[in-house]
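Next comes run-v4.cif, a file with mmCIF, C-alpha atoms.
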```cif
data_my_file
loop_
_atom_site.group_PDB
_atom_site.id
_atom_site.type_symbol
_atom_site.label_atom_id
_atom_site.label_comp_id
_atom_site.auth_asym_id
_atom_site.auth_seq_id
_atom_site.Cartn_x
_atom_site.Cartn_y
_atom_site.Cartn_z
ATOM 1 C CA MET V 1 -181.658 96.554 -10.827
ATOM 2 C CA ARG V 2 -180.344 98.085 -7.657
ATOM 3 C CA ARG V 3 -183.115 99.626 -5.621
ATOM 4 C CA LEU V 4 -184.339 100.231 -2.135
ATOM 5 C CA ILE V 5 -187.975 99.862 -1.252
ATOM 6 C CA LEU V 6 -189.223 100.920 2.151
ATOM 7 C CA ILE V 7 -191.838 98.382 3.202
ATOM 8 C CA ALA V 8 -193.955 99.414 6.172
ATOM 9 C CA ALA V 9 -194.297 96.497 8.593
ATOM 10 C CA THR V 10 -198.051 96.051 8.546
ATOM 11 C CA LEU V 11 -200.543 93.783 10.212
ATOM 12 C CA MET V 12 -202.005 91.573 7.521
ATOM 13 C CA SER V 13 -205.517 90.227 7.723
ATOM 14 C CA GLY V 14 -205.537 86.512 8.463
ATOM 15 C CA ALA V 15 -203.038 84.249 10.149
ATOM 16 C CA ALA V 16 -200.160 85.055 7.791
ATOM 17 C CA GLY V 17 -199.954 88.617 9.128
ATOM 18 C CA LEU V 18 -197.171 89.902 11.348
ATOM 19 C CA ALA V 19 -197.851 92.223 14.272
ATOM 20 C CA GLN V 20 -195.386 95.017 14.814
ATOM 21 C CA THR V 21 -194.441 96.128 18.285
ATOM 22 C CA THR V 22 -191.926 98.541 19.738
ATOM 23 C CA PRO V 23 -191.002 96.930 23.068
ATOM 24 C CA SER V 24 -190.475 99.186 26.019
ATOM 25 C CA SER V 25 -188.034 98.788 28.862
ATOM 26 C CA PRO V 26 -186.787 100.921 31.762
ATOM 27 C CA ASP V 27 -183.316 100.596 30.279
ATOM 28 C CA SER V 28 -184.111 101.556 26.701
ATOM 29 C CA SER V 29 -186.276 104.250 25.158
ATOM 30 C CA PRO V 30 -188.770 103.315 22.426
ATOM 31 C CA ALA V 31 -186.937 105.564 19.974
ATOM 32 C CA ALA V 32 -183.885 103.320 20.187
ATOM 33 C CA LEU V 33 -185.925 100.538 18.589
ATOM 34 C CA SER V 34 -187.383 102.547 15.704
ATOM 35 C CA ALA V 35 -186.167 101.832 12.168
ATOM 36 C CA ASP V 36 -184.626 104.625 10.172
ATOM 37 C CA ASP V 37 -186.488 106.103 7.247
ATOM 38 C CA VAL V 38 -184.843 104.903 4.030
ATOM 39 C CA PRO V 39 -185.392 106.590 0.624
ATOM 40 C CA THR V 40 -187.696 104.669 -1.681
ATOM 41 C CA ILE V 41 -186.742 103.880 -5.273
ATOM 42 C CA LYS V 42 -189.166 101.681 -7.178
ATOM 43 C CA VAL V 43 -188.157 99.780 -10.293
ATOM 44 C CA LYS V 44 -190.361 97.442 -12.290
ATOM 45 C CA SER V 45 -188.857 94.383 -13.926
ATOM 46 C CA THR V 46 -190.260 91.506 -15.941
ATOM 47 C CA LEU V 47 -187.250 89.304 -15.195
ATOM 48 C CA VAL V 48 -187.265 86.340 -12.840
ATOM 49 C CA ASP V 49 -184.512 86.717 -10.244
ATOM 50 C CA VAL V 50 -182.527 83.667 -9.166
ATOM 51 C CA SER V 51 -179.981 83.882 -6.345
ATOM 52 C CA ALA V 52 -177.237 81.278 -6.630
ATOM 53 C CA ILE V 53 -174.274 80.156 -4.560
ATOM 54 C CA VAL V 54 -171.622 78.048 -6.284
ATOM 55 C CA ARG V 55 -169.419 75.607 -4.381
ATOM 56 C CA ASP V 56 -166.250 73.731 -5.199
ATOM 57 C CA ALA V 57 -165.591 70.085 -4.404
ATOM 58 C CA ALA V 58 -164.698 70.994 -0.818
ATOM 59 C CA GLY V 59 -167.969 72.888 -0.328
ATOM 60 C CA ALA V 60 -166.424 76.366 -0.265
ATOM 61 C CA PRO V 61 -168.233 79.236 -2.063
ATOM 62 C CA VAL V 62 -166.663 80.180 -5.413
ATOM 63 C CA SER V 63 -166.326 83.778 -6.555
ATOM 64 C CA GLY V 64 -165.209 85.362 -9.829
ATOM 65 C CA LEU V 65 -167.479 83.385 -12.143
ATOM 66 C CA LYS V 66 -168.974 84.811 -15.328
ATOM 67 C CA GLN V 67 -172.399 84.597 -16.927
ATOM 68 C CA GLU V 68 -171.258 81.976 -19.428
ATOM 69 C CA ASP V 69 -170.354 79.667 -16.528
ATOM 70 C CA PHE V 70 -174.081 79.149 -15.823
ATOM 71 C CA GLN V 71 -176.822 77.293 -17.673
ATOM 72 C CA LEU V 72 -180.430 77.963 -16.708
ATOM 73 C CA LYS V 73 -183.538 75.999 -17.657
ATOM 74 C CA GLN V 74 -187.199 76.629 -16.991
ATOM 75 C CA ASP V 75 -189.396 73.543 -17.183
ATOM 76 C CA GLY V 76 -186.566 71.706 -18.931
ATOM 77 C CA LYS V 77 -185.976 74.340 -21.633
ATOM 78 C CA LEU V 78 -182.773 76.367 -21.816
ATOM 79 C CA GLN V 79 -183.295 80.091 -21.190
ATOM 80 C CA PRO V 80 -180.973 82.991 -22.089
ATOM 81 C CA ILE V 81 -179.656 84.888 -19.084
ATOM 82 C CA LYS V 82 -180.558 88.586 -19.328
ATOM 83 C CA PHE V 83 -179.027 89.860 -16.096
ATOM 84 C CA PHE V 84 -175.967 88.738 -14.171
ATOM 85 C CA SER V 85 -174.244 90.186 -11.127
ATOM 86 C CA GLN V 86 -172.051 89.168 -8.231
ATOM 87 C CA GLY V 87 -174.429 89.355 -5.277
ATOM 88 C CA ALA V 88 -172.168 91.558 -3.177
ATOM 89 C CA ASP V 89 -172.764 94.312 -5.759
ATOM 90 C CA LEU V 90 -176.469 94.347 -4.826
ATOM 91 C CA PRO V 91 -178.238 95.307 -1.587
ATOM 92 C CA LEU V 92 -179.199 92.664 0.966
ATOM 93 C CA THR V 93 -182.663 92.404 2.478
ATOM 94 C CA LEU V 94 -182.583 90.103 5.503
ATOM 95 C CA ALA V 95 -185.053 88.813 8.081
ATOM 96 C CA LEU V 96 -183.726 87.148 11.233
ATOM 97 C CA MET V 97 -186.655 85.136 12.613
ATOM 98 C CA VAL V 98 -186.394 83.611 16.102
ATOM 99 C CA ASP V 99 -188.635 80.924 17.596
ATOM 100 C CA THR V 100 -189.357 81.924 21.208
ATOM 101 C CA SER V 101 -191.745 79.074 22.086
ATOM 102 C CA PRO V 102 -191.036 77.228 25.386
ATOM 103 C CA SER V 103 -188.930 74.530 23.694
ATOM 104 C CA GLN V 104 -186.499 77.256 22.622
ATOM 105 C CA PHE V 105 -186.117 79.038 25.975
ATOM 106 C CA PRO V 106 -182.766 77.356 26.813
ATOM 107 C CA TYR V 107 -181.192 78.762 23.648
ATOM 108 C CA ILE V 108 -182.429 82.371 23.656
ATOM 109 C CA ARG V 109 -179.433 83.821 25.491
ATOM 110 C CA ASP V 110 -176.996 82.204 23.048
ATOM 111 C CA GLU V 111 -179.098 83.505 20.140
ATOM 112 C CA ILE V 112 -179.000 87.047 21.525
ATOM 113 C CA ASN V 113 -175.231 86.979 22.010
ATOM 114 C CA ALA V 114 -174.544 85.522 18.552
ATOM 115 C CA GLY V 115 -176.980 87.955 16.946
ATOM 116 C CA LYS V 116 -174.987 90.950 18.162
ATOM 117 C CA ALA V 117 -172.149 89.960 15.845
ATOM 118 C CA PHE V 118 -174.438 88.611 13.103
ATOM 119 C CA PHE V 119 -176.042 91.845 11.961
ATOM 120 C CA PRO V 120 -172.765 93.807 11.500
ATOM 121 C CA ALA V 121 -171.235 90.836 9.657
ATOM 122 C CA MET V 122 -174.191 90.571 7.282
ATOM 123 C CA MET V 123 -174.860 94.257 6.642
ATOM 124 C CA THR V 124 -171.695 95.521 4.986
ATOM 125 C CA ARG V 125 -173.239 97.994 2.513
ATOM 126 C CA PRO V 126 -175.027 101.267 3.344
ATOM 127 C CA ASP V 127 -178.170 100.046 1.572
ATOM 128 C CA ASP V 128 -178.305 96.625 3.264
ATOM 129 C CA ARG V 129 -181.376 96.309 5.475
ATOM 130 C CA ALA V 130 -182.723 93.829 8.006
ATOM 131 C CA THR V 131 -185.639 93.129 10.294
ATOM 132 C CA LEU V 132 -185.931 91.085 13.509
ATOM 133 C CA ILE V 133 -189.036 88.915 13.949
ATOM 134 C CA GLN V 134 -190.009 86.801 16.944
ATOM 135 C CA PHE V 135 -192.594 84.039 16.786
ATOM 136 C CA ASP V 136 -194.268 81.488 19.020
ATOM 137 C CA ASN V 137 -198.044 81.643 19.436
ATOM 138 C CA HIS V 138 -197.747 85.262 18.291
ATOM 139 C CA LYS V 139 -195.886 86.850 15.388
ATOM 140 C CA LEU V 140 -194.094 90.083 16.270
ATOM 141 C CA ILE V 141 -191.723 92.423 14.466
ATOM 142 C CA LEU V 142 -189.260 93.601 17.114
ATOM 143 C CA ALA V 143 -187.378 95.843 14.659
ATOM 144 C CA LYS V 144 -188.802 96.792 11.298
ATOM 145 C CA MET V 145 -186.625 97.036 8.181
ATOM 146 C CA THR V 146 -183.630 99.227 8.909
ATOM 147 C CA SER V 147 -180.045 99.802 7.863
ATOM 148 C CA ASN V 148 -179.111 100.651 11.468
ATOM 149 C CA THR V 149 -177.330 97.687 13.071
ATOM 150 C CA THR V 150 -177.497 99.316 16.512
ATOM 151 C CA THR V 151 -181.294 99.340 16.313
ATOM 152 C CA LEU V 152 -181.270 95.628 15.481
ATOM 153 C CA GLU V 153 -178.817 94.786 18.250
ATOM 154 C CA HIS V 154 -180.969 96.611 20.821
ATOM 155 C CA ALA V 155 -184.058 94.753 19.624
ATOM 156 C CA LEU V 156 -182.411 91.392 20.312
ATOM 157 C CA ALA V 157 -182.747 92.023 24.053
ATOM 158 C CA TYR V 158 -186.528 91.860 23.784
ATOM 159 C CA LEU V 159 -186.531 88.247 22.631
ATOM 160 C CA THR V 160 -186.745 87.273 26.302
ATOM 161 C CA GLN V 161 -189.726 89.479 27.151
ATOM 162 C CA PRO V 162 -193.292 88.104 27.331
ATOM 163 C CA HIS V 163 -195.871 89.595 25.003
ATOM 164 C CA ASP V 164 -199.114 87.898 26.013
ATOM 165 C CA ALA V 165 -200.835 91.270 26.213
ATOM 166 C CA ILE V 166 -200.752 91.568 22.440
ATOM 167 C CA GLY V 167 -203.507 88.934 22.349
ATOM 168 C CA MET V 168 -203.077 87.774 18.744
ATOM 169 C CA GLY V 169 -202.020 84.158 19.102
ATOM 170 C CA HIS V 170 -204.076 81.019 19.257
ATOM 171 C CA GLY V 171 -201.592 78.579 20.786
ATOM 172 C CA GLY V 172 -198.618 76.719 19.371
ATOM 173 C CA THR V 173 -195.654 77.738 17.242
ATOM 174 C CA LEU V 174 -196.608 79.621 14.097
ATOM 175 C CA LEU V 175 -193.566 78.830 11.960
ATOM 176 C CA TYR V 176 -195.337 78.495 8.604
ATOM 177 C CA ASP V 177 -197.612 81.491 9.173
ATOM 178 C CA THR V 178 -194.575 83.617 10.048
ATOM 179 C CA ILE V 179 -192.714 82.614 6.888
ATOM 180 C CA MET V 180 -195.841 83.439 4.880
ATOM 181 C CA GLY V 181 -196.258 86.842 6.505
ATOM 182 C CA ALA V 182 -192.597 87.815 6.176
ATOM 183 C CA ALA V 183 -192.426 86.745 2.525
ATOM 184 C CA GLN V 184 -195.521 88.773 1.662
ATOM 185 C CA THR V 185 -194.808 91.957 3.628
ATOM 186 C CA GLN V 186 -191.012 92.227 3.790
ATOM 187 C CA PHE V 187 -189.700 90.791 0.510
ATOM 188 C CA SER V 188 -192.359 90.655 -2.190
ATOM 189 C CA THR V 189 -191.268 93.836 -3.991
ATOM 190 C CA GLN V 190 -187.531 93.742 -3.274
ATOM 191 C CA THR V 191 -184.677 93.094 -5.682
ATOM 192 C CA GLY V 192 -181.099 92.169 -4.908
ATOM 193 C CA ARG V 193 -180.167 89.553 -2.344
ATOM 194 C CA ARG V 194 -183.067 88.369 -0.169
ATOM 195 C CA ALA V 195 -182.731 85.947 2.718
ATOM 196 C CA MET V 196 -184.522 84.677 5.789
ATOM 197 C CA VAL V 197 -182.538 83.150 8.640
ATOM 198 C CA ILE V 198 -184.804 81.148 10.943
ATOM 199 C CA LEU V 199 -183.785 79.837 14.365
ATOM 200 C CA THR V 200 -186.149 77.051 15.440
ATOM 201 C CA ASP V 201 -186.533 73.340 16.130
ATOM 202 C CA GLY V 202 -188.791 73.107 13.078
ATOM 203 C CA GLY V 203 -191.946 72.236 14.963
ATOM 204 C CA ASP V 204 -195.158 73.964 13.879
ATOM 205 C CA MET V 205 -198.370 73.863 15.861
ATOM 206 C CA GLY V 206 -201.298 76.153 15.209
ATOM 207 C CA SER V 207 -200.437 77.702 11.839
ATOM 208 C CA HIS V 208 -203.325 78.225 9.460
ATOM 209 C CA PHE V 209 -201.012 77.492 6.549
ATOM 210 C CA LYS V 210 -199.019 74.391 5.628
ATOM 211 C CA ARG V 211 -195.325 73.942 4.899
ATOM 212 C CA LYS V 212 -196.010 73.870 1.160
ATOM 213 C CA ASP V 213 -197.743 77.260 1.457
ATOM 214 C CA ALA V 214 -194.741 78.754 3.244
ATOM 215 C CA ILE V 215 -192.397 77.387 0.567
ATOM 216 C CA ARG V 216 -194.640 78.749 -2.185
ATOM 217 C CA GLU V 217 -194.633 82.284 -0.762
ATOM 218 C CA ALA V 218 -190.869 82.264 -0.181
ATOM 219 C CA GLN V 219 -190.355 81.112 -3.790
ATOM 220 C CA ARG V 220 -192.805 83.730 -5.026
ATOM 221 C CA ALA V 221 -190.811 86.437 -3.225
ATOM 222 C CA GLY V 222 -187.448 85.006 -4.365
ATOM 223 C CA VAL V 223 -186.196 84.557 -0.807
ATOM 224 C CA MET V 224 -183.427 82.142 0.154
ATOM 225 C CA VAL V 225 -184.461 80.543 3.460
ATOM 226 C CA TYR V 226 -181.643 79.527 5.792
ATOM 227 C CA THR V 227 -182.925 77.370 8.640
ATOM 228 C CA ILE V 228 -181.012 76.659 11.829
ATOM 229 C CA TYR V 229 -182.119 73.635 13.813
ATOM 230 C CA TYR V 230 -181.529 74.374 17.500
ATOM 231 C CA SER V 231 -182.788 71.485 19.619
ATOM 232 C CA ASN V 232 -181.825 68.513 21.741
ATOM 233 C CA GLY V 233 -183.697 66.162 19.422
ATOM 234 C CA GLY V 234 -187.278 67.408 19.191
ATOM 235 C CA GLY V 235 -189.074 69.311 16.466
ATOM 236 C CA ASP V 236 -188.875 68.619 12.742
ATOM 237 C CA GLU V 237 -185.410 68.991 11.231
ATOM 238 C CA ASP V 238 -186.444 67.233 8.008
ATOM 239 C CA GLY V 239 -189.102 69.885 7.455
ATOM 240 C CA LEU V 240 -186.476 72.610 7.771
ATOM 241 C CA LYS V 241 -184.279 70.824 5.235
ATOM 242 C CA GLU V 242 -187.199 70.746 2.798
ATOM 243 C CA ILE V 243 -187.907 74.468 3.160
ATOM 244 C CA SER V 244 -184.270 75.445 2.652
ATOM 245 C CA ALA V 245 -183.676 73.120 -0.318
ATOM 246 C CA ALA V 246 -186.772 74.368 -2.146
ATOM 247 C CA THR V 247 -185.839 78.035 -1.734
ATOM 248 C CA GLY V 248 -182.113 77.855 -2.438
ATOM 249 C CA GLY V 249 -180.972 78.246 1.153
ATOM 250 C CA ARG V 250 -179.274 75.780 3.502
ATOM 251 C CA GLU V 251 -180.189 73.956 6.685
ATOM 252 C CA PHE V 252 -177.799 73.899 9.622
ATOM 253 C CA ALA V 253 -177.905 72.193 13.014
ATOM 254 C CA VAL V 254 -176.279 73.692 16.099
ATOM 255 C CA SER V 255 -173.912 71.266 17.820
ATOM 256 C CA GLU V 256 -170.722 71.223 19.867
ATOM 257 C CA LYS V 257 -168.728 71.090 16.633
ATOM 258 C CA MET V 258 -170.884 73.705 14.846
ATOM 259 C CA THR V 259 -171.805 76.606 17.095
ATOM 260 C CA LEU V 260 -174.399 79.225 16.248
ATOM 261 C CA ALA V 261 -171.581 81.730 15.676
ATOM 262 C CA ASP V 262 -169.972 79.290 13.208
ATOM 263 C CA ILE V 263 -173.266 78.912 11.364
ATOM 264 C CA TYR V 264 -173.790 82.658 11.150
ATOM 265 C CA ALA V 265 -170.283 83.012 9.687
ATOM 266 C CA SER V 266 -171.099 80.383 7.042
ATOM 267 C CA ILE V 267 -174.323 82.157 6.068
ATOM 268 C CA ALA V 268 -172.517 85.496 5.827
ATOM 269 C CA ALA V 269 -169.885 83.908 3.577
ATOM 270 C CA ASP V 270 -172.627 82.439 1.386
ATOM 271 C CA LEU V 271 -174.404 85.722 0.848
ATOM 272 C CA ARG V 272 -171.182 87.609 0.131
ATOM 273 C CA GLN V 273 -170.475 85.146 -2.713
ATOM 274 C CA CYS V 274 -174.055 84.986 -3.983
ATOM 275 C CA TYR V 275 -174.718 85.535 -7.712
ATOM 276 C CA GLU V 276 -177.894 87.215 -8.957
ATOM 277 C CA ILE V 277 -179.210 85.916 -12.280
ATOM 278 C CA GLY V 278 -182.213 87.194 -14.203
ATOM 279 C CA TYR V 279 -184.080 85.740 -17.164
ATOM 280 C CA ALA V 280 -187.273 86.529 -19.074
ATOM 281 C CA PRO V 281 -189.913 83.836 -18.383
ATOM 282 C CA PRO V 282 -191.398 82.344 -21.568
ATOM 283 C CA ASP V 283 -194.717 81.593 -19.831
ATOM 284 C CA LYS V 284 -196.321 84.581 -18.118
ATOM 285 C CA ARG V 285 -199.691 83.084 -17.257
ATOM 286 C CA PRO V 286 -200.555 84.286 -13.738
ATOM 287 C CA ASP V 287 -199.945 82.191 -10.626
ATOM 288 C CA LYS V 288 -198.303 79.262 -12.419
ATOM 289 C CA TYR V 289 -195.461 77.261 -10.897
ATOM 290 C CA HIS V 290 -192.385 76.645 -13.044
ATOM 291 C CA LYS V 291 -189.386 74.457 -12.268
ATOM 292 C CA ILE V 292 -185.992 76.166 -12.378
ATOM 293 C CA GLU V 293 -182.805 74.210 -12.998
ATOM 294 C CA LEU V 294 -179.503 76.047 -12.707
ATOM 295 C CA LYS V 295 -176.276 74.190 -13.528
ATOM 296 C CA MET V 296 -172.602 74.973 -14.028
ATOM 297 C CA THR V 297 -170.667 74.374 -17.235
ATOM 298 C CA ASP V 298 -167.813 73.161 -15.012
ATOM 299 C CA LYS V 299 -169.046 69.793 -13.747
ATOM 300 C CA HIS V 300 -166.715 70.012 -10.746
ATOM 301 C CA LEU V 301 -168.817 72.858 -9.351
ATOM 302 C CA THR V 302 -172.234 72.605 -7.730
ATOM 303 C CA VAL V 303 -174.844 75.322 -7.455
ATOM 304 C CA GLN V 304 -177.333 76.136 -4.712
ATOM 305 C CA ALA V 305 -180.471 77.907 -5.970
ATOM 306 C CA ARG V 306 -184.238 77.802 -5.623
ATOM 307 C CA GLU V 307 -186.085 74.981 -7.352
ATOM 308 C CA GLY V 308 -188.888 77.015 -8.898
ATOM 309 C CA TYR V 309 -191.012 80.150 -8.942
ATOM 310 C CA TYR V 310 -194.589 81.329 -9.376
ATOM 311 C CA THR V 311 -195.592 83.888 -11.984
ATOM 312 C CA PRO V 312 -197.312 86.921 -10.426
ATOM 313 C CA LYS V 313 -201.031 86.640 -9.809
#
```
Re-express the file's structure as structure tokens.
Amino acid sequence: MRRLILIAATLMSGAAGLAQTTPSSPDSSPAALSADDVPTIKVKSTLVDVSAIVRDAAGAPVSGLKQEDFQLKQDGKLQPIKFFSQGADLPLTLALMVDTSPSQFPYIRDEINAGKAFFPAMMTRPDDRATLIQFDNHKLILAKMTSNTTTLEHALAYLTQPHDAIGMGHGGTLLYDTIMGAAQTQFSTQTGRRAMVILTDGGDMGSHFKRKDAIREAQRAGVMVYTIYYSNGGGDEDGLKEISAATGGREFAVSEKMTLADIYASIAADLRQCYEIGYAPPDKRPDKYHKIELKMTDKHLTVQAREGYYTPK
């Protein structure tokens, strides 16, 4: 099931689309922000992929488990597991998505500095790939999917630059539209580990789509959404918790005791210990939602995984 798929970052019709830009600067040539061409290998599979992170009683990720340690149900019925792998054996596809609306301005510099260490820590395999997306009243890809961490680090500097000339936004913070667009264009045909990491206060104003739509598309693409609440008390942290729980990710809040660097380290540890599980769905009717329940045979362990999936349309 290992594969690499080069997805061109395209502008989708409608509000869920993501605009791609190559920012320019006197200090950096446009070529420095171009993603590398990556060979394309396409593999078709009828299995449903479920990414899972197992924790012990202290909350630490657990490695070294076997297929028989897991029990998986769809819609309450036990399903045989057809594919099992330690996640670190599979490529990682990652989107770092940063809210650059005015409420987030005080935190941008910290996000840039922490991001410089984040990409190298996350991308430990030659076939790991990531993209950097900025959103406020626009949705912009600052670095399209690449395995080059230097490209991603350079792109972080452009989080502070205005982009009003693009002329795509309609006011507000397009959190849900950005999740929709990223799920559809960056992850929908990927296998292996797939994750979004979203830095925001959780507020959404102006999206065409609702939170439930964003969750649906992330579940459809099999993406674990990690949300990071960065705020002095505004926004919608409960909404971020809902998105992460439904997709098998986690919600964090930046504080004096839990810095952004600490949170990034926790996410990296999660994804290094992630298990990939595949099963054949008994109901293949198109565009139907099915509840997934993944449990451990050892009752002392807990599992973090998405709550459901949609069959392809």
query = Written as a list in words, which residues does the PyMOL selection byres ((chain V and resi 302) around 10) give for the file shown?
reply = Ile53, Val54, Arg55, Asp56, Ala57, Gly59, Pro61, Val62, Leu294, Lys295, Met296, Thr297, Asp298, Lys299, His300, Leu301, Val303, Gln304 and Ala305 of chain V
Can I get the selection written as a tab-separated table (two decimals), in the frame of the given file, with C-alpha atoms?
```tsv
chain	number	residue	atom	x	y	z
V	53	ILE	CA	-174.27	80.16	-4.56
V	54	VAL	CA	-171.62	78.05	-6.28
V	55	ARG	CA	-169.42	75.61	-4.38
V	56	ASP	CA	-166.25	73.73	-5.20
V	57	ALA	CA	-165.59	70.08	-4.40
V	59	GLY	CA	-167.97	72.89	-0.33
V	61	PRO	CA	-168.23	79.24	-2.06
V	62	VAL	CA	-166.66	80.18	-5.41
V	294	LEU	CA	-179.50	76.05	-12.71
V	295	LYS	CA	-176.28	74.19	-13.53
V	296	MET	CA	-172.60	74.97	-14.03
V	297	THR	CA	-170.67	74.37	-17.24
V	298	ASP	CA	-167.81	73.16	-15.01
V	299	LYS	CA	-169.05	69.79	-13.75
V	300	HIS	CA	-166.72	70.01	-10.75
V	301	LEU	CA	-168.82	72.86	-9.35
V	303	VAL	CA	-174.84	75.32	-7.46
V	304	GLN	CA	-177.33	76.14	-4.71
V	305	ALA	CA	-180.47	77.91	-5.97
```
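Each of V:Gly233, V:Gly248, V:Pro282, V:Gly172 was checked against Leu78 of chain V using all atoms listed in the file; the smallest atom-to-atom distance is that of V:Pro282.
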message = Evaluate the PyMOL selection byres ((chain V and resi 285-287) around 6) against this structure - the residues, as a ChimeraX atom specification, please.
response = /V:283-284,288,310-313
Using C-alpha atoms, can you write the selected residues to a file as a compact mmCIF listing (two decimals), in the frame of the given file?
```txt
# COMPACT_ATOMS: atom_id res chain seq x y z
CA ASP V 283 -194.72 81.59 -19.83
CA LYS V 284 -196.32 84.58 -18.12
CA LYS V 288 -198.30 79.26 -12.42
CA TYR V 310 -194.59 81.33 -9.38
CA THR V 311 -195.59 83.89 -11.98
CA PRO V 312 -197.31 86.92 -10.43
CA LYS V 313 -201.03 86.64 -9.81
```
message = Calculated over only C-alpha atoms, which of the candidates V:Thr93, V:Gln186, V:Ser244, V:Gln104 has the smallest distance to Leu199 of chain V?
response = V:Gln104
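Remark: for Gln74 of chain V, the closest of the candidate residues V:Ala183, V:Asn148, V:Arg306, V:Arg194 is V:Arg306 (distances computed over all atoms listed in the file).
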task = Give me the result of the PyMOL selection byres ((chain V and resi 269) around 12) on this file, residue by residue, as a ChimeraX atom specification.
result = /V:53-55,59-63,87-88,118,121-124,262-268,270-274
task = Pick out the closest residue to Thr259 of chain V from this set: V:Met196, V:Met145, V:Ala280, V:Ile228. Count all atoms listed in the file.
result = V:Ile228
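Closest approach to Leu96 of chain V among V:Ile198, V:Leu47, V:Ala143, V:Ile277: V:Ile198, based on only C-alpha atoms.
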